[in-house]
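Asker: This is data-v5.txt (compact mmCIF, C-alpha atoms).
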```txt
# COMPACT_ATOMS: atom_id res chain seq x y z
CA MET X 1 -3.11 -85.87 -24.19
CA THR X 2 -6.34 -84.10 -23.18
CA ASP X 3 -8.10 -83.65 -19.90
CA THR X 4 -11.00 -85.79 -21.12
CA THR X 5 -12.00 -88.55 -18.75
CA THR X 6 -10.53 -91.82 -19.91
CA HIS X 7 -13.17 -94.46 -20.24
CA GLU X 8 -12.44 -98.13 -20.15
CA THR X 9 -12.63 -100.23 -23.28
CA GLU X 10 -14.32 -103.55 -22.68
CA ILE X 11 -13.65 -106.43 -25.03
CA TYR X 12 -15.50 -109.70 -25.08
CA ALA X 13 -14.38 -112.70 -27.10
CA ASP X 14 -17.34 -115.07 -27.04
CA PRO X 15 -16.26 -118.59 -26.03
CA THR X 16 -18.59 -120.31 -28.51
CA LEU X 17 -19.11 -117.81 -31.37
CA PRO X 18 -16.51 -116.24 -33.69
CA THR X 19 -17.27 -112.71 -32.55
CA ILE X 20 -15.53 -109.81 -30.85
CA ARG X 21 -17.60 -107.29 -28.96
CA VAL X 22 -16.14 -103.93 -27.95
CA VAL X 23 -17.90 -101.49 -25.63
CA ARG X 24 -16.73 -97.96 -24.86
CA GLU X 25 -18.23 -94.65 -23.69
CA PHE X 26 -17.35 -91.21 -25.03
CA ASP X 27 -17.88 -87.73 -23.61
CA ALA X 28 -19.75 -86.50 -26.67
CA SER X 29 -23.22 -86.82 -28.13
CA PRO X 30 -24.11 -89.68 -30.51
CA ASP X 31 -24.22 -87.34 -33.53
CA ARG X 32 -20.66 -86.16 -32.86
CA VAL X 33 -19.32 -89.65 -32.25
CA PHE X 34 -21.10 -90.85 -35.37
CA ARG X 35 -19.57 -88.02 -37.36
CA ALA X 36 -16.08 -88.88 -36.08
CA TRP X 37 -16.73 -92.39 -37.41
CA THR X 38 -17.99 -91.39 -40.85
CA ASP X 39 -16.32 -88.09 -41.84
CA PRO X 40 -13.06 -89.13 -43.56
CA GLU X 41 -11.18 -86.08 -42.33
CA LEU X 42 -11.99 -87.01 -38.75
CA VAL X 43 -11.54 -90.75 -39.27
CA THR X 44 -7.91 -90.36 -40.40
CA GLN X 45 -7.16 -88.50 -37.17
CA TRP X 46 -7.78 -91.46 -34.91
CA MET X 47 -8.56 -94.79 -36.53
CA GLY X 48 -5.21 -96.18 -37.68
CA PRO X 49 -2.37 -97.03 -35.29
CA ARG X 50 -0.43 -93.98 -34.13
CA ASP X 51 2.73 -94.63 -36.15
CA VAL X 52 0.82 -95.38 -39.34
CA THR X 53 -0.58 -92.93 -41.88
CA MET X 54 -4.04 -93.77 -43.04
CA GLN X 55 -4.51 -92.87 -46.71
CA ILE X 56 -8.14 -92.94 -47.70
CA GLU X 57 -8.61 -93.84 -51.37
CA GLN X 58 -12.37 -94.22 -51.38
CA TRP X 59 -14.93 -93.27 -48.75
CA ASP X 60 -18.62 -93.05 -49.48
CA ALA X 61 -20.30 -93.29 -46.08
CA ARG X 62 -23.82 -93.92 -47.34
CA THR X 63 -25.92 -97.07 -47.23
CA GLY X 64 -24.61 -99.12 -50.15
CA GLY X 65 -21.41 -97.06 -50.40
CA SER X 66 -17.87 -98.39 -50.12
CA TRP X 67 -14.51 -97.54 -48.60
CA ARG X 68 -10.86 -98.34 -49.17
CA TYR X 69 -7.73 -97.14 -47.45
CA ARG X 70 -4.06 -97.90 -47.13
CA ALA X 71 -2.10 -98.00 -43.90
CA VAL X 72 1.37 -96.67 -44.64
CA ARG X 73 4.57 -96.58 -42.61
CA ASP X 74 8.25 -96.70 -43.72
CA ASP X 75 8.31 -100.46 -43.81
CA LEU X 76 4.61 -101.10 -44.32
CA ASP X 77 1.93 -100.50 -46.93
CA VAL X 78 -1.23 -102.55 -46.54
CA GLY X 79 -4.71 -102.06 -47.90
CA PHE X 80 -8.17 -102.58 -46.45
CA PHE X 81 -11.56 -102.30 -48.11
CA GLY X 82 -15.23 -102.92 -47.54
CA SER X 83 -18.72 -101.60 -47.95
CA PHE X 84 -21.09 -99.47 -45.94
CA HIS X 85 -23.95 -101.90 -45.59
CA GLU X 86 -26.05 -99.50 -43.56
CA VAL X 87 -25.45 -95.93 -42.46
CA ARG X 88 -28.21 -94.87 -40.08
CA PRO X 89 -27.12 -91.45 -38.81
CA HIS X 90 -26.30 -91.20 -35.09
CA GLU X 91 -27.56 -94.74 -34.40
CA ARG X 92 -26.07 -97.57 -36.37
CA LEU X 93 -23.25 -98.25 -38.77
CA VAL X 94 -22.85 -101.62 -40.49
CA GLN X 95 -19.71 -102.24 -42.52
CA THR X 96 -17.77 -105.08 -44.03
CA PHE X 97 -14.02 -105.16 -43.51
CA THR X 98 -11.43 -107.04 -45.56
CA PHE X 99 -7.65 -107.00 -45.33
CA GLU X 100 -6.17 -107.16 -48.85
CA GLY X 101 -3.62 -109.70 -47.66
CA GLU X 102 -6.48 -112.11 -46.87
CA PRO X 103 -8.91 -111.27 -49.68
CA ASP X 104 -11.26 -114.18 -48.92
CA GLY X 105 -11.71 -113.14 -45.31
CA VAL X 106 -14.37 -110.64 -44.35
CA SER X 107 -15.56 -109.29 -41.05
CA LEU X 108 -19.08 -107.94 -40.59
CA ASP X 109 -18.86 -105.01 -38.22
CA THR X 110 -21.94 -103.53 -36.60
CA MET X 111 -21.50 -100.39 -34.52
CA THR X 112 -24.35 -99.01 -32.44
CA PHE X 113 -24.35 -95.51 -30.93
CA GLU X 114 -26.44 -95.10 -27.82
CA ALA X 115 -27.11 -91.85 -25.97
CA ARG X 116 -26.14 -91.95 -22.29
CA PRO X 117 -26.96 -89.48 -19.50
CA GLY X 118 -24.79 -86.36 -19.38
CA GLY X 119 -24.48 -86.02 -23.15
CA ARG X 120 -22.33 -89.11 -23.40
CA THR X 121 -22.47 -91.94 -25.92
CA ARG X 122 -21.95 -95.64 -25.54
CA ILE X 123 -20.74 -97.45 -28.63
CA THR X 124 -20.99 -101.21 -29.01
CA GLY X 125 -19.08 -102.80 -31.85
CA LEU X 126 -19.81 -106.38 -32.85
CA SER X 127 -17.50 -108.06 -35.35
CA VAL X 128 -18.44 -111.43 -36.81
CA VAL X 129 -15.88 -113.50 -38.68
CA GLU X 130 -15.90 -116.97 -40.26
CA SER X 131 -14.26 -119.14 -37.64
CA MET X 132 -12.95 -119.21 -34.09
CA GLU X 133 -9.41 -119.54 -35.46
CA ILE X 134 -9.75 -116.34 -37.48
CA ARG X 135 -11.29 -114.54 -34.52
CA ASP X 136 -8.45 -115.63 -32.26
CA ALA X 137 -5.89 -114.67 -34.89
CA ILE X 138 -7.44 -111.20 -35.10
CA ILE X 139 -7.21 -110.81 -31.36
CA ALA X 140 -3.66 -112.08 -31.39
CA SER X 141 -2.81 -109.59 -34.17
CA GLY X 142 -3.34 -106.81 -31.67
CA MET X 143 0.23 -107.84 -30.99
CA GLU X 144 1.43 -106.93 -34.45
CA VAL X 145 2.64 -103.61 -33.08
CA GLY X 146 6.02 -104.74 -31.83
CA VAL X 147 4.58 -107.05 -29.25
CA VAL X 148 6.15 -110.30 -30.19
CA GLU X 149 7.51 -111.07 -26.76
CA GLY X 150 4.14 -112.27 -25.46
CA TYR X 151 3.88 -114.66 -28.36
CA GLN X 152 7.38 -115.90 -27.79
CA LYS X 153 6.69 -116.49 -24.13
CA LEU X 154 3.61 -118.50 -24.96
CA ASP X 155 5.48 -120.39 -27.68
CA GLU X 156 8.15 -121.32 -25.16
CA LEU X 157 5.64 -122.34 -22.56
CA LEU X 158 3.72 -124.48 -25.04
CA ALA X 159 6.91 -125.97 -26.42
CA GLU X 160 8.01 -126.96 -22.92
CA GLN X 161 4.81 -128.87 -22.41
CA SER X 162 4.61 -130.71 -25.71
CA MET I 1 -1.89 -130.66 -37.58
CA PRO I 2 -0.12 -127.28 -37.78
CA GLN I 3 3.51 -127.35 -36.68
CA ASP I 4 4.03 -124.35 -34.43
CA PRO I 5 2.79 -124.55 -30.84
CA LEU I 6 0.64 -121.47 -31.09
CA SER I 7 -1.30 -122.70 -34.10
CA ARG I 8 -1.68 -126.06 -32.37
CA ALA I 9 -3.21 -124.37 -29.34
CA PHE I 10 -5.62 -122.39 -31.50
CA ALA I 11 -6.52 -125.41 -33.60
CA ALA I 12 -7.13 -127.46 -30.46
CA LEU I 13 -9.58 -124.85 -29.19
CA ALA I 14 -11.37 -124.51 -32.51
CA ASP I 15 -13.59 -127.47 -31.60
CA PRO I 16 -16.67 -126.90 -29.41
CA THR I 17 -16.39 -130.23 -27.55
CA ARG I 18 -12.78 -129.50 -26.71
CA ARG I 19 -13.65 -126.01 -25.52
CA ASP I 20 -16.31 -127.57 -23.33
CA ILE I 21 -13.81 -130.08 -21.92
CA VAL I 22 -11.48 -127.18 -21.15
CA ALA I 23 -14.30 -125.30 -19.42
CA ARG I 24 -15.01 -128.31 -17.23
CA LEU I 25 -11.36 -128.92 -16.41
CA ALA I 26 -11.16 -125.30 -15.30
CA ALA I 27 -13.39 -126.33 -12.38
CA GLY I 28 -11.00 -129.13 -11.39
CA ASP I 29 -9.10 -132.18 -12.59
CA ALA I 30 -11.17 -135.05 -13.94
CA GLY I 31 -10.73 -138.51 -15.40
CA VAL I 32 -11.66 -139.48 -18.95
CA GLY I 33 -14.76 -141.33 -17.78
CA GLU I 34 -16.09 -138.32 -15.89
CA LEU I 35 -15.37 -136.07 -18.84
CA ALA I 36 -17.13 -138.40 -21.27
CA ALA I 37 -20.25 -138.80 -19.14
CA PRO I 38 -22.27 -135.76 -20.33
CA TYR I 39 -21.57 -136.31 -24.03
CA ASP I 40 -23.30 -138.48 -26.51
CA VAL I 41 -19.97 -139.86 -27.62
CA SER I 42 -17.74 -142.76 -26.62
CA VAL I 43 -14.93 -142.60 -24.09
CA GLN I 44 -12.63 -143.28 -27.06
CA ALA I 45 -13.85 -140.14 -28.84
CA VAL I 46 -13.29 -138.07 -25.71
CA SER I 47 -9.83 -139.62 -25.37
CA LYS I 48 -9.04 -138.43 -28.88
CA HIS I 49 -10.12 -134.90 -28.01
CA LEU I 50 -7.96 -135.05 -24.88
CA LYS I 51 -5.02 -136.20 -26.93
CA VAL I 52 -5.35 -133.13 -29.16
CA LEU I 53 -5.50 -130.86 -26.10
CA GLU I 54 -2.50 -132.67 -24.63
CA GLU I 55 -0.46 -132.32 -27.82
CA ALA I 56 -1.28 -128.62 -27.83
CA GLY I 57 0.09 -128.32 -24.30
CA LEU I 58 -3.24 -127.21 -22.88
CA VAL I 59 -3.88 -130.31 -20.80
CA THR I 60 -1.58 -132.71 -18.98
CA ARG I 61 -2.36 -136.14 -17.57
CA SER I 62 -0.96 -137.49 -14.39
CA ARG I 63 1.07 -140.69 -14.77
CA GLU I 64 0.59 -141.70 -11.16
CA ALA I 65 -3.02 -142.34 -10.28
CA GLN I 66 -4.84 -145.28 -11.82
CA ARG I 67 -7.46 -143.12 -13.53
CA ARG I 68 -4.81 -140.67 -14.82
CA PRO I 69 -6.76 -137.47 -14.14
CA CYS I 70 -6.58 -134.66 -16.70
CA HIS I 71 -5.23 -131.31 -15.57
CA LEU I 72 -5.69 -127.95 -17.25
CA GLU I 73 -2.50 -125.97 -17.78
CA ALA I 74 -3.96 -122.72 -16.50
CA GLU I 75 -0.80 -120.73 -17.12
CA VAL I 76 -1.21 -121.17 -20.87
CA PHE I 77 -4.69 -119.74 -20.67
CA ASP I 78 -3.49 -116.83 -18.57
CA LEU I 79 -1.17 -115.96 -21.40
CA MET I 80 -3.98 -116.33 -23.90
CA THR I 81 -6.05 -113.86 -21.88
CA LYS I 82 -3.12 -111.48 -22.02
CA TRP I 83 -3.54 -111.40 -25.79
CA ILE I 84 -7.01 -110.04 -25.34
CA GLU I 85 -5.52 -107.52 -22.95
CA ARG I 86 -3.08 -106.42 -25.65
CA TYR I 87 -5.86 -106.15 -28.18
CA ARG I 88 -7.75 -104.06 -25.65
CA ARG I 89 -4.78 -101.75 -25.27
CA GLU I 90 -4.70 -101.21 -29.02
CA ALA I 91 -8.39 -100.35 -29.02
CA ASP I 92 -7.84 -98.16 -25.96
CA ASP I 93 -5.15 -96.13 -27.71
CA ARG I 94 -7.36 -95.64 -30.71
CA PHE I 95 -10.34 -94.56 -28.64
CA GLN I 96 -8.23 -92.12 -26.67
CA ARG I 97 -7.31 -90.49 -29.97
CA LEU I 98 -11.01 -90.38 -30.74
CA ASP I 99 -11.61 -88.72 -27.34
CA ALA I 100 -9.19 -86.00 -28.42
CA VAL I 101 -10.88 -85.60 -31.83
CA LEU I 102 -14.26 -85.28 -30.12
CA ALA I 103 -12.91 -82.70 -27.69
CA HIS I 104 -11.62 -80.70 -30.68
CA MET I 105 -14.98 -80.92 -32.37
CA ASP I 106 -16.54 -79.43 -29.22
CA ALA I 107 -14.12 -76.52 -29.31
CA ASP I 108 -14.60 -75.93 -33.04
CA GLU I 109 -18.34 -75.94 -32.74
CA ASN I 110 -18.32 -73.48 -29.88
CA GLN I 111 -16.56 -71.03 -32.16
CA GLN I 112 -18.45 -71.73 -35.36
CA GLN I 113 -21.97 -72.32 -36.51
CA PRO I 114 -23.28 -75.82 -35.84
CA PRO I 115 -22.35 -78.16 -38.66
CA ASP I 116 -24.63 -78.47 -41.63
CA ASP I 117 -26.84 -81.48 -41.00
CA ALA I 118 -26.92 -82.44 -44.64
CA ARG I 119 -23.19 -83.06 -44.66
CA ARG I 120 -23.27 -85.63 -41.90
CA GLY I 121 -22.41 -89.16 -42.79
CA GLU I 122 -21.97 -88.51 -46.49
CA ALA I 123 -18.37 -87.78 -46.97
CA SER I 124 -16.73 -86.89 -50.23
```
Write out the structure in this file as structure tokens.
Answerer:
Amino acid sequence: MTDTTTHETEIYADPTLPTIRVVREFDASPDRVFRAWTDPELVTQWMGPRDVTMQIEQWDARTGGSWRYRAVRDDLDVGFFGSFHEVRPHERLVQTFTFEGEPDGVSLDTMTFEARPGGRTRITGLSVVESMEIRDAIIASGMEVGVVEGYQKLDELLAEQS
Amino acid sequence: MPQDPLSRAFAALADPTRRDIVARLAAGDAGVGELAAPYDVSVQAVSKHLKVLEEAGLVTRSREAQRRPCHLEAEVFDLMTKWIERYRREADDRFQRLDAVLAHMDADENQQQPPDDARRGEAS
């Protein structure tokens, strides 16, 4: 898609805490990466899945502000909302995240932006949810995108053993 | 107890003692007595935990030997790790799109004035 170096995304699911940690480097300075995360025009260009249109209904990226968007596809229309708990330019972004389909569930997402040599930026995202089950379900939902076969295989394997 | 196997596996692993038992079985098969030793709970309590893991298909117990050692079904966990891998791929795709957005920002800024600082982080 571009000739940008592709960096690896590292994901850690803590064995004892209901957290997901994501680490990734970008070939851009922290202020640019931060802007791509907070400017709604830029956010819609990358954040949602490729086949889904992200319709921002509310986006006030200031400490104490809030956000709301819909993810829309032919057969899909789901909403997400949350608040901007802290917006510390170029350094730290703390948000809550709720899926409208599970209105009692909320994830606390802390993103830190760290300058690296060569004008690069390392971001570390830490998401904290209520329980291990919810965390695991979130990780498993990475499969939502037409990836049922892995589930089915595991289902079969587990069914064989029970 | 949830009905489908997947929920059973998740539910089984939602308990810290059971996760610890799994971690220890990953090092090798063990009998109930050995597994119970480090905990401040009875062998019966550990047996109950093992039963949950067994029903979830995560652990099997040999019928042959006297002590009926517990065995971790590693293949199931391999598949569980694959989920994380899929989640990673999702994140990867998204971040590659961000790479492209950032590359565009570079190009735009080389042509235009640097962006107004006051606009940063406070979107309409």
Asker: For atom CA of X:His85 and atom CA of X:Trp67, determine how far apart the two atoms are, in Å to one decimal place.
Answerer: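 We find that atom CA of X:His85 and atom CA of X:Trp67 lie 10.8 Å from each other.
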Asker: Quote the spacing between atom CA of X:Thr112 and atom CA of X:Phe84 in Å to one decimal place.
Answerer: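 The value is 13.9 Å.
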Asker: Taking into account all atoms listed in the file, which residue in the set I:Val32, I:Val41, I:Ala23, I:Leu58 is nearest to I:Ala11?
Answerer: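 Residue with the minimum atom-to-atom distance to I:Ala11: I:Leu58.
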Asker: Given only C-alpha atoms as the basis, pick out the residue of X:Ala13, X:Val52, X:Ile138, X:Leu126 nearest to X:Thr98.
Answerer: X:Ile138
Asker: Counting only C-alpha atoms, which of X:Pro103, X:Gly82, X:Pro15, X:Pro117 gets nearest to chain I?
Answerer: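 Closest to chain I, using only C-alpha atoms: X:Pro15.
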Asker: By how many Å are atom CA of I:Val101 and atom CA of X:Thr9 apart?
Answerer: 17.0 Å
Asker: Nearest to chain I among X:Gly119, X:Pro18, X:Gly79, X:Pro89, with distances taken over only C-alpha atoms: which residue is it?
Answerer: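 Counting only C-alpha atoms, the residue closest to chain I is X:Pro89.
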Asker: Could you check the closest approach to I:Arg19 for each of I:Ala45, I:Ala74, I:Leu53, I:Ala100 and tell me which residue wins, using only C-alpha atoms?
Answerer: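 For I:Arg19, the nearest of the candidates is I:Leu53.
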Asker: In the coordinates of the file, take the point (-11.6, -133.1, -16.9) and a cut-off of 10 Å; then, counting all atoms listed in the file, name each qualifying protein, DNA or RNA residue as a PyMOL selection string.
Answerer: chain I and resi 20-36+50+59+61+69-72
Asker: Taking into account all atoms listed in the file, which residue in the set X:His90, X:Arg116, X:Arg62, X:Arg50 is nearest to X:Phe34?
Answerer: X:His90
